[in-house]
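> Have a look at the structure that comes next, please.
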Amino acid sequence: MGVHQEFRNLVLRRRLVAQAVLSTIFLAGSMAHAQSNSLLWSRANSSGAAPSPREDAPIAFDTAGRELFLFGGLDASGDRNDLWAYSIDNQQWREINPLGQPPSSRHGHTVTFDPVRRRIIVIAGMGQGFFGDAWAYDIQTNAWNLLAPESAGPLPRYGLSAIYDSKRDRIVISHGFTTEGRFDDTWALDLATSSWSEISPAGVRPLRRCLHHAVYVPQNDQMFLYGGCSSGYGPCPQGDLWSFDLAKNQWTEIVTAVQPPPRERYGMVFDDHREKLVLFGGLGALVLNDTWEYDPASVAWTQIAPAGDIPEPRYRLEATFVSDANTAFFFGGDAGGLTNDLLLLSANGPAIPKIAAGGIVDVFSGAGGPFAPGEIVAIYGGSLGPSAGIASVFDPVTATLPTTLGNASVDVNGVSAALFFVSYRQTNLQIPYEMAGLTQANISVHYGGVSSVSQTVQIAPTAPRLYPGAFNQDGTLNSTGNPADAGSIIVLFATGQGVTNPATPTGKMAIAPYAPPVGAVRVSIGGQDAEIVFSGLAPGTAGVMQVNARLPVGISGNAAVPVLLTVGDGASQNGVAVAVR
């Protein structure tokens, strides 16, 4: 089951498509949203227990549970390591008492949400000394775990910035401060392996600094870093804006004619719906309560004047964006005294889901249609679902995938599709088997009670697409460093094989006996027909076929022997190969 579980994990995450193809699709999905620019300040009307008034206490949002999580910070008694959750729906705080040893008390650390594993990640900070450790609080097991000790990655620091890079499943941190001075380095924590790697470019970097923030800008695949304090090296506060290309590891300063007054210790989020960076408050020449937004599309800063309950000037506050509520939340800080209020900056009007032109593709090949009934496809665009992303699970009673996930759903010719994953820019689904016999179908996305314009796709009886990798007979991934022997069995996975015999319901988990496709299955390896030992639905999945094929005995050793799968009249994509010893 190890191979099947590894494969299923890949199905649920966006890394199914080769990174280069994914990048192309992602950029093709970039677009401006028709959205009201009217913003409104308000305050959460929470009742009951609450965190003590404090500053430098970061927050992050769990989309699945619809809760804000807060860890640590500095209150009147000193540094804290308590953990709190705030329910968006119930408007109430609750203190959490997790299992395991918690991180040491601290402030000026980072808290980032890991949506794949539903964890919050705590990195670095300052308490009784400076920290360089990384911790995870697992929401589902209610337990703390040390991900990386002090010596595993960047030097200890506080006042750093962090973002979750959803495309690469990692946390990226940058800059920060200790008594040794300020930093200008950039590091990545791989969340699959809990390993650090330095990604600092050799060339231009933002000046050494701390007490700043950074945000992830998905449509540009960039991290934006703003302001902070470069005392000892340059201005304090700073007012510069930089972008970090996450694919190229390259910094670029963004220079505009109009910009906010320089500041440190402000609140900042990226509004996924309106696709704008939002900046509030902070410490400049005075304590501030102005609100600014930066539009990456027009490369321009604009000071805005939201209506409502305008907050008093404050600094050392923390912020996160809640896509489901179309709202930026700002917690606590110093407003002439420590505070523990939640400030809400909300946009009027719902976001409209949009499917990018050509943004419906097969998850394995990244290619467009035609698609077969039962095939797994990805939709790219904007406002398709919650910003953090939610992976589905099979219902324990019905063994079926959900058709609604995180208030998002997809219709294919009016039939609700089974969902694997939903997020702001990507949704993975299964084309319903009910599309059998059609030549085309209309697909529309629904999120938050608002529907997209439908996009038409072509339908074919079969359209097999191979997962771009094969597994050896022992279950290990085939590669040039781990080739297969001639005569041994390799395991292939595909989608788009069409209807099965007996018929399989849409979204149903495959269990024994594993139904084969109606169309005849053939595998060609290096131009030679391979013996098919097994072909049928892959155990523990939906819409995926497993094929066990024996490498021809006389096949010559080669690092990249081409593999072709045909099901009925449909053939798989070029470029899939197996290494043979």
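The way I read the labels, and the way they are meant: chains A, B, ... in the order of the structure tokens, residue 1 as the first residue of every chain, and ligand 1 as the first ligand shown, with later ones counted on from there.
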What lies within 6 Å of Leu283 in chain A using only C-alpha atoms, ignoring chain neighbours under 5 positions off, as JSON, numbers by chain?

{"A": [263, 264, 315]}

> Using DSSP assignments from the backbone, pull out every residue in range 116-166 of chain A that falls under strand (DSSP E or B) and give it to me as a VMD selection string.

chain A and resid 119 to 127 129 to 138 143 to 148 158 161 to 165

> Kindly indicate which residue among A:Ser556, A:Gln128, A:Ser166, A:Ser323 lies nearest to Asp114 in chain A, using only C-alpha atoms for the distances.

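Closest candidate: A:Ser166.
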
> Nearest residue to Leu74 in chain A out of A:Ala60, A:Ile525, A:Met126, A:Ala328, using only C-alpha atoms?

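Residue with the minimum atom-to-atom distance to Leu74 in chain A: A:Met126.
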
> I'd like the neighbourhood of Pro206 in chain A as a PDB file with N, CA and C atoms, in the first residue's frame, where a residue qualifies if any of its atoms comes within 12 Å (using only C-alpha atoms), though same-chain residues fewer than 3 positions away should be ignored.


```
ATOM      1  N   SER A 174      13.023  35.310   5.660  1.00  0.00           N
ATOM      2  CA  SER A 174      14.045  36.242   5.191  1.00  0.00           C
ATOM      3  C   SER A 174      14.342  37.297   6.250  1.00  0.00           C
ATOM      4  N   HIS A 175      15.626  37.706   6.284  1.00  0.00           N
ATOM      5  CA  HIS A 175      16.114  38.791   7.125  1.00  0.00           C
ATOM      6  C   HIS A 175      15.892  38.501   8.618  1.00  0.00           C
ATOM      7  N   GLY A 176      15.910  39.523   9.462  1.00  0.00           N
ATOM      8  CA  GLY A 176      15.774  39.346  10.901  1.00  0.00           C
ATOM      9  C   GLY A 176      16.937  39.961  11.662  1.00  0.00           C
ATOM     10  N   ARG A 182      21.976  42.538  12.025  1.00  0.00           N
ATOM     11  CA  ARG A 182      20.830  42.207  11.193  1.00  0.00           C
ATOM     12  C   ARG A 182      21.250  41.307  10.030  1.00  0.00           C
ATOM     13  N   PHE A 183      20.258  40.569   9.493  1.00  0.00           N
ATOM     14  CA  PHE A 183      20.528  39.607   8.431  1.00  0.00           C
ATOM     15  C   PHE A 183      19.925  40.077   7.111  1.00  0.00           C
ATOM     16  N   ASP A 184      20.450  39.542   6.000  1.00  0.00           N
ATOM     17  CA  ASP A 184      19.854  39.763   4.682  1.00  0.00           C
ATOM     18  C   ASP A 184      19.741  38.456   3.907  1.00  0.00           C
ATOM     19  N   ASP A 185      19.761  37.324   4.635  1.00  0.00           N
ATOM     20  CA  ASP A 185      19.699  36.014   3.983  1.00  0.00           C
ATOM     21  C   ASP A 185      18.264  35.531   3.852  1.00  0.00           C
ATOM     22  N   THR A 186      18.071  34.521   2.989  1.00  0.00           N
ATOM     23  CA  THR A 186      16.761  33.942   2.719  1.00  0.00           C
ATOM     24  C   THR A 186      16.897  32.422   2.744  1.00  0.00           C
ATOM     25  N   SER A 200      19.536  32.238  -0.605  1.00  0.00           N
ATOM     26  CA  SER A 200      19.952  33.632  -0.777  1.00  0.00           C
ATOM     27  C   SER A 200      20.666  33.804  -2.110  1.00  0.00           C
ATOM     28  N   PRO A 201      20.286  34.795  -2.895  1.00  0.00           N
ATOM     29  CA  PRO A 201      21.009  35.025  -4.149  1.00  0.00           C
ATOM     30  C   PRO A 201      22.367  35.664  -3.884  1.00  0.00           C
ATOM     31  N   ALA A 202      23.268  35.478  -4.833  1.00  0.00           N
ATOM     32  CA  ALA A 202      24.597  36.068  -4.697  1.00  0.00           C
ATOM     33  C   ALA A 202      24.591  37.549  -5.034  1.00  0.00           C
ATOM     34  N   GLY A 203      23.597  37.999  -5.780  1.00  0.00           N
ATOM     35  CA  GLY A 203      23.564  39.386  -6.244  1.00  0.00           C
ATOM     36  C   GLY A 203      22.835  40.314  -5.300  1.00  0.00           C
ATOM     37  N   ARG A 209      17.865  43.946   7.661  1.00  0.00           N
ATOM     38  CA  ARG A 209      16.770  44.580   8.386  1.00  0.00           C
ATOM     39  C   ARG A 209      16.038  43.577   9.259  1.00  0.00           C
ATOM     40  N   CYS A 210      15.126  44.107  10.078  1.00  0.00           N
ATOM     41  CA  CYS A 210      14.223  43.306  10.888  1.00  0.00           C
ATOM     42  C   CYS A 210      12.921  44.076  11.060  1.00  0.00           C
ATOM     43  N   HIS A 212       9.954  43.669   9.928  1.00  0.00           N
ATOM     44  CA  HIS A 212       9.266  43.842   8.651  1.00  0.00           C
ATOM     45  C   HIS A 212       8.316  42.660   8.453  1.00  0.00           C
ATOM     46  N   PHE A 224       6.684  39.318  -1.606  1.00  0.00           N
ATOM     47  CA  PHE A 224       6.900  40.756  -1.454  1.00  0.00           C
ATOM     48  C   PHE A 224       7.348  41.047  -0.025  1.00  0.00           C
ATOM     49  N   LEU A 225       8.424  41.812   0.119  1.00  0.00           N
ATOM     50  CA  LEU A 225       8.955  42.214   1.421  1.00  0.00           C
ATOM     51  C   LEU A 225       8.950  43.734   1.484  1.00  0.00           C
ATOM     52  N   TYR A 226       8.446  44.267   2.606  1.00  0.00           N
ATOM     53  CA  TYR A 226       8.314  45.719   2.722  1.00  0.00           C
ATOM     54  C   TYR A 226       8.891  46.218   4.043  1.00  0.00           C
ATOM     55  N   GLY A 227       9.564  47.391   3.972  1.00  0.00           N
ATOM     56  CA  GLY A 227       9.905  48.191   5.139  1.00  0.00           C
ATOM     57  C   GLY A 227      10.765  47.495   6.172  1.00  0.00           C
ATOM     58  N   GLY A 228      10.569  47.903   7.451  1.00  0.00           N
ATOM     59  CA  GLY A 228      11.345  47.366   8.543  1.00  0.00           C
ATOM     60  C   GLY A 228      12.380  48.359   9.049  1.00  0.00           C
ATOM     61  N   CYS A 229      13.358  47.838   9.766  1.00  0.00           N
ATOM     62  CA  CYS A 229      14.387  48.674  10.395  1.00  0.00           C
ATOM     63  C   CYS A 229      15.772  48.150  10.050  1.00  0.00           C
ATOM     64  N   SER A 230      16.618  49.030   9.470  1.00  0.00           N
ATOM     65  CA  SER A 230      17.990  48.659   9.096  1.00  0.00           C
ATOM     66  C   SER A 230      19.014  49.383   9.958  1.00  0.00           C
ATOM     67  N   TYR A 233      22.861  49.816   9.546  1.00  0.00           N
ATOM     68  CA  TYR A 233      23.209  49.569   8.147  1.00  0.00           C
ATOM     69  C   TYR A 233      22.570  50.586   7.210  1.00  0.00           C
ATOM     70  N   GLY A 234      21.491  51.218   7.669  1.00  0.00           N
ATOM     71  CA  GLY A 234      20.777  52.163   6.826  1.00  0.00           C
ATOM     72  C   GLY A 234      19.586  52.726   7.558  1.00  0.00           C
ATOM     73  N   GLN A 238      12.445  51.763   7.337  1.00  0.00           N
ATOM     74  CA  GLN A 238      12.565  51.667   5.890  1.00  0.00           C
ATOM     75  C   GLN A 238      11.186  51.841   5.249  1.00  0.00           C
ATOM     76  N   GLY A 239      11.168  52.182   3.953  1.00  0.00           N
ATOM     77  CA  GLY A 239       9.909  52.300   3.217  1.00  0.00           C
ATOM     78  C   GLY A 239       9.994  51.676   1.842  1.00  0.00           C
ATOM     79  N   ASP A 240      10.960  50.778   1.640  1.00  0.00           N
ATOM     80  CA  ASP A 240      11.154  50.176   0.317  1.00  0.00           C
ATOM     81  C   ASP A 240      10.351  48.894   0.170  1.00  0.00           C
ATOM     82  N   LEU A 241      10.034  48.549  -1.075  1.00  0.00           N
ATOM     83  CA  LEU A 241       9.279  47.344  -1.419  1.00  0.00           C
ATOM     84  C   LEU A 241      10.113  46.507  -2.371  1.00  0.00           C
ATOM     85  N   TRP A 242      10.226  45.209  -2.064  1.00  0.00           N
ATOM     86  CA  TRP A 242      11.029  44.292  -2.874  1.00  0.00           C
ATOM     87  C   TRP A 242      10.189  43.066  -3.249  1.00  0.00           C
ATOM     88  N   SER A 243      10.515  42.487  -4.401  1.00  0.00           N
ATOM     89  CA  SER A 243       9.911  41.213  -4.796  1.00  0.00           C
ATOM     90  C   SER A 243      11.007  40.170  -4.913  1.00  0.00           C
ATOM     91  N   PHE A 244      10.693  38.956  -4.446  1.00  0.00           N
ATOM     92  CA  PHE A 244      11.625  37.829  -4.541  1.00  0.00           C
ATOM     93  C   PHE A 244      10.999  36.789  -5.448  1.00  0.00           C
ATOM     94  N   GLN A 250      15.636  35.417  -6.926  1.00  0.00           N
ATOM     95  CA  GLN A 250      16.188  36.700  -7.371  1.00  0.00           C
ATOM     96  C   GLN A 250      15.373  37.844  -6.785  1.00  0.00           C
ATOM     97  N   TRP A 251      16.082  38.804  -6.157  1.00  0.00           N
ATOM     98  CA  TRP A 251      15.444  39.987  -5.587  1.00  0.00           C
ATOM     99  C   TRP A 251      15.394  41.128  -6.605  1.00  0.00           C
ATOM    100  N   THR A 252      14.279  41.880  -6.590  1.00  0.00           N
ATOM    101  CA  THR A 252      14.143  43.078  -7.420  1.00  0.00           C
ATOM    102  C   THR A 252      13.445  44.152  -6.599  1.00  0.00           C
ATOM    103  N   GLU A 253      14.022  45.346  -6.545  1.00  0.00           N
ATOM    104  CA  GLU A 253      13.360  46.429  -5.844  1.00  0.00           C
ATOM    105  C   GLU A 253      12.263  47.016  -6.732  1.00  0.00           C
ATOM    106  N   ILE A 254      11.111  47.297  -6.129  1.00  0.00           N
ATOM    107  CA  ILE A 254       9.985  47.897  -6.837  1.00  0.00           C
ATOM    108  C   ILE A 254       9.949  49.384  -6.470  1.00  0.00           C
TER     109      ILE A 254
END
```

> For range 321-397 of chain A against range 36-55 of chain A, with a cut-off of 12 Å and counting only C-alpha atoms, what is the closest atom pair and its distance in Å to one decimal for every residue that makes the cut, ordered by chain and number, as JSON lines?


```
{"residue": "A:Asn326", "atom": "CA", "partner": "A:Leu39", "partner_atom": "CA", "distance": 10.3}
{"residue": "A:Thr327", "atom": "CA", "partner": "A:Leu39", "partner_atom": "CA", "distance": 9.3}
{"residue": "A:Ala328", "atom": "CA", "partner": "A:Trp41", "partner_atom": "CA", "distance": 9.6}
{"residue": "A:Phe329", "atom": "CA", "partner": "A:Ala44", "partner_atom": "CA", "distance": 9.2}
{"residue": "A:Phe330", "atom": "CA", "partner": "A:Arg43", "partner_atom": "CA", "distance": 9.5}
{"residue": "A:Phe331", "atom": "CA", "partner": "A:Glu55", "partner_atom": "CA", "distance": 8.4}
{"residue": "A:Gly332", "atom": "CA", "partner": "A:Glu55", "partner_atom": "CA", "distance": 5.9}
{"residue": "A:Gly333", "atom": "CA", "partner": "A:Glu55", "partner_atom": "CA", "distance": 4.3}
{"residue": "A:Asp334", "atom": "CA", "partner": "A:Glu55", "partner_atom": "CA", "distance": 6.4}
{"residue": "A:Ala335", "atom": "CA", "partner": "A:Glu55", "partner_atom": "CA", "distance": 10.0}
{"residue": "A:Gly336", "atom": "CA", "partner": "A:Glu55", "partner_atom": "CA", "distance": 11.8}
{"residue": "A:Gly337", "atom": "CA", "partner": "A:Pro53", "partner_atom": "CA", "distance": 8.6}
{"residue": "A:Leu338", "atom": "CA", "partner": "A:Pro53", "partner_atom": "CA", "distance": 5.2}
{"residue": "A:Thr339", "atom": "CA", "partner": "A:Pro53", "partner_atom": "CA", "distance": 4.4}
{"residue": "A:Asn340", "atom": "CA", "partner": "A:Pro53", "partner_atom": "CA", "distance": 4.2}
{"residue": "A:Asp341", "atom": "CA", "partner": "A:Arg43", "partner_atom": "CA", "distance": 7.3}
{"residue": "A:Leu342", "atom": "CA", "partner": "A:Ala44", "partner_atom": "CA", "distance": 5.5}
{"residue": "A:Leu343", "atom": "CA", "partner": "A:Arg43", "partner_atom": "CA", "distance": 4.7}
{"residue": "A:Leu344", "atom": "CA", "partner": "A:Ser42", "partner_atom": "CA", "distance": 5.1}
{"residue": "A:Leu345", "atom": "CA", "partner": "A:Trp41", "partner_atom": "CA", "distance": 4.7}
{"residue": "A:Ser346", "atom": "CA", "partner": "A:Leu40", "partner_atom": "CA", "distance": 5.3}
{"residue": "A:Ala347", "atom": "CA", "partner": "A:Leu39", "partner_atom": "CA", "distance": 4.6}
{"residue": "A:Asn348", "atom": "CA", "partner": "A:Ser38", "partner_atom": "CA", "distance": 5.8}
{"residue": "A:Gly349", "atom": "CA", "partner": "A:Ser36", "partner_atom": "CA", "distance": 6.4}
{"residue": "A:Pro350", "atom": "CA", "partner": "A:Ser36", "partner_atom": "CA", "distance": 8.7}
{"residue": "A:Ala351", "atom": "CA", "partner": "A:Ser36", "partner_atom": "CA", "distance": 8.9}
{"residue": "A:Ile352", "atom": "CA", "partner": "A:Ser36", "partner_atom": "CA", "distance": 10.9}
```

> Keeping N, CA and C atoms for every residue in the selection just given, could you write it to a file as a PDB file, in the first residue's frame?


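Dumped to part-v4.pdb:
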```pdb
ATOM      1  N   ASN A 326     -13.351  37.015   3.109  1.00  0.00           N
ATOM      2  CA  ASN A 326     -12.953  38.176   2.300  1.00  0.00           C
ATOM      3  C   ASN A 326     -12.490  39.318   3.205  1.00  0.00           C
ATOM      4  N   THR A 327     -11.711  38.953   4.252  1.00  0.00           N
ATOM      5  CA  THR A 327     -11.381  39.900   5.317  1.00  0.00           C
ATOM      6  C   THR A 327      -9.947  39.733   5.791  1.00  0.00           C
ATOM      7  N   ALA A 328      -9.283  40.870   6.059  1.00  0.00           N
ATOM      8  CA  ALA A 328      -7.988  40.871   6.726  1.00  0.00           C
ATOM      9  C   ALA A 328      -8.220  41.049   8.226  1.00  0.00           C
ATOM     10  N   PHE A 329      -7.590  40.187   9.039  1.00  0.00           N
ATOM     11  CA  PHE A 329      -7.682  40.264  10.492  1.00  0.00           C
ATOM     12  C   PHE A 329      -6.353  40.786  11.044  1.00  0.00           C
ATOM     13  N   PHE A 330      -6.426  41.779  11.927  1.00  0.00           N
ATOM     14  CA  PHE A 330      -5.251  42.333  12.586  1.00  0.00           C
ATOM     15  C   PHE A 330      -5.415  42.131  14.088  1.00  0.00           C
ATOM     16  N   PHE A 331      -4.400  41.532  14.741  1.00  0.00           N
ATOM     17  CA  PHE A 331      -4.511  41.230  16.165  1.00  0.00           C
ATOM     18  C   PHE A 331      -3.570  42.084  16.999  1.00  0.00           C
ATOM     19  N   GLY A 332      -4.116  42.641  18.097  1.00  0.00           N
ATOM     20  CA  GLY A 332      -3.335  43.209  19.187  1.00  0.00           C
ATOM     21  C   GLY A 332      -2.412  44.349  18.812  1.00  0.00           C
ATOM     22  N   GLY A 333      -1.262  44.408  19.496  1.00  0.00           N
ATOM     23  CA  GLY A 333      -0.288  45.450  19.276  1.00  0.00           C
ATOM     24  C   GLY A 333      -0.316  46.493  20.376  1.00  0.00           C
ATOM     25  N   ASP A 334       0.404  47.559  20.148  1.00  0.00           N
ATOM     26  CA  ASP A 334       0.525  48.657  21.105  1.00  0.00           C
ATOM     27  C   ASP A 334      -0.195  49.875  20.548  1.00  0.00           C
ATOM     28  N   ALA A 335      -1.253  50.285  21.246  1.00  0.00           N
ATOM     29  CA  ALA A 335      -2.014  51.472  20.853  1.00  0.00           C
ATOM     30  C   ALA A 335      -2.048  52.441  22.032  1.00  0.00           C
ATOM     31  N   GLY A 336      -0.853  52.748  22.567  1.00  0.00           N
ATOM     32  CA  GLY A 336      -0.756  53.520  23.788  1.00  0.00           C
ATOM     33  C   GLY A 336      -0.907  52.631  25.000  1.00  0.00           C
ATOM     34  N   GLY A 337      -0.819  51.361  24.812  1.00  0.00           N
ATOM     35  CA  GLY A 337      -0.990  50.294  25.788  1.00  0.00           C
ATOM     36  C   GLY A 337      -1.236  49.009  25.030  1.00  0.00           C
ATOM     37  N   LEU A 338      -0.941  47.873  25.638  1.00  0.00           N
ATOM     38  CA  LEU A 338      -1.115  46.598  24.956  1.00  0.00           C
ATOM     39  C   LEU A 338      -2.599  46.330  24.689  1.00  0.00           C
ATOM     40  N   THR A 339      -2.891  45.701  23.550  1.00  0.00           N
ATOM     41  CA  THR A 339      -4.271  45.404  23.172  1.00  0.00           C
ATOM     42  C   THR A 339      -4.419  43.925  22.815  1.00  0.00           C
ATOM     43  N   ASN A 340      -5.645  43.445  22.851  1.00  0.00           N
ATOM     44  CA  ASN A 340      -5.935  42.074  22.407  1.00  0.00           C
ATOM     45  C   ASN A 340      -7.186  42.042  21.531  1.00  0.00           C
ATOM     46  N   ASP A 341      -7.477  43.167  20.878  1.00  0.00           N
ATOM     47  CA  ASP A 341      -8.648  43.203  20.014  1.00  0.00           C
ATOM     48  C   ASP A 341      -8.325  42.668  18.623  1.00  0.00           C
ATOM     49  N   LEU A 342      -9.363  42.221  17.950  1.00  0.00           N
ATOM     50  CA  LEU A 342      -9.261  41.762  16.565  1.00  0.00           C
ATOM     51  C   LEU A 342      -9.904  42.812  15.668  1.00  0.00           C
ATOM     52  N   LEU A 343      -9.102  43.408  14.809  1.00  0.00           N
ATOM     53  CA  LEU A 343      -9.591  44.384  13.850  1.00  0.00           C
ATOM     54  C   LEU A 343      -9.874  43.678  12.531  1.00  0.00           C
ATOM     55  N   LEU A 344     -10.989  44.008  11.902  1.00  0.00           N
ATOM     56  CA  LEU A 344     -11.388  43.383  10.650  1.00  0.00           C
ATOM     57  C   LEU A 344     -11.455  44.436   9.558  1.00  0.00           C
ATOM     58  N   LEU A 345     -10.781  44.176   8.462  1.00  0.00           N
ATOM     59  CA  LEU A 345     -10.851  45.039   7.286  1.00  0.00           C
ATOM     60  C   LEU A 345     -11.460  44.213   6.163  1.00  0.00           C
ATOM     61  N   SER A 346     -12.719  44.486   5.852  1.00  0.00           N
ATOM     62  CA  SER A 346     -13.490  43.630   4.946  1.00  0.00           C
ATOM     63  C   SER A 346     -13.794  44.335   3.635  1.00  0.00           C
ATOM     64  N   ALA A 347     -13.781  43.561   2.561  1.00  0.00           N
ATOM     65  CA  ALA A 347     -14.166  44.067   1.245  1.00  0.00           C
ATOM     66  C   ALA A 347     -15.639  43.779   1.018  1.00  0.00           C
ATOM     67  N   ASN A 348     -16.351  44.750   0.483  1.00  0.00           N
ATOM     68  CA  ASN A 348     -17.764  44.553   0.185  1.00  0.00           C
ATOM     69  C   ASN A 348     -17.924  43.745  -1.087  1.00  0.00           C
ATOM     70  N   GLY A 349     -18.856  42.836  -1.083  1.00  0.00           N
ATOM     71  CA  GLY A 349     -19.171  42.066  -2.284  1.00  0.00           C
ATOM     72  C   GLY A 349     -18.348  40.800  -2.383  1.00  0.00           C
ATOM     73  N   PRO A 350     -18.949  39.717  -2.848  1.00  0.00           N
ATOM     74  CA  PRO A 350     -18.236  38.438  -2.971  1.00  0.00           C
ATOM     75  C   PRO A 350     -17.286  38.423  -4.166  1.00  0.00           C
ATOM     76  N   ALA A 351     -16.261  37.603  -4.055  1.00  0.00           N
ATOM     77  CA  ALA A 351     -15.351  37.406  -5.185  1.00  0.00           C
ATOM     78  C   ALA A 351     -16.018  36.484  -6.212  1.00  0.00           C
ATOM     79  N   ILE A 352     -15.785  36.752  -7.487  1.00  0.00           N
ATOM     80  CA  ILE A 352     -16.399  35.971  -8.560  1.00  0.00           C
ATOM     81  C   ILE A 352     -15.400  34.926  -9.055  1.00  0.00           C
TER      82      ILE A 352
END
```
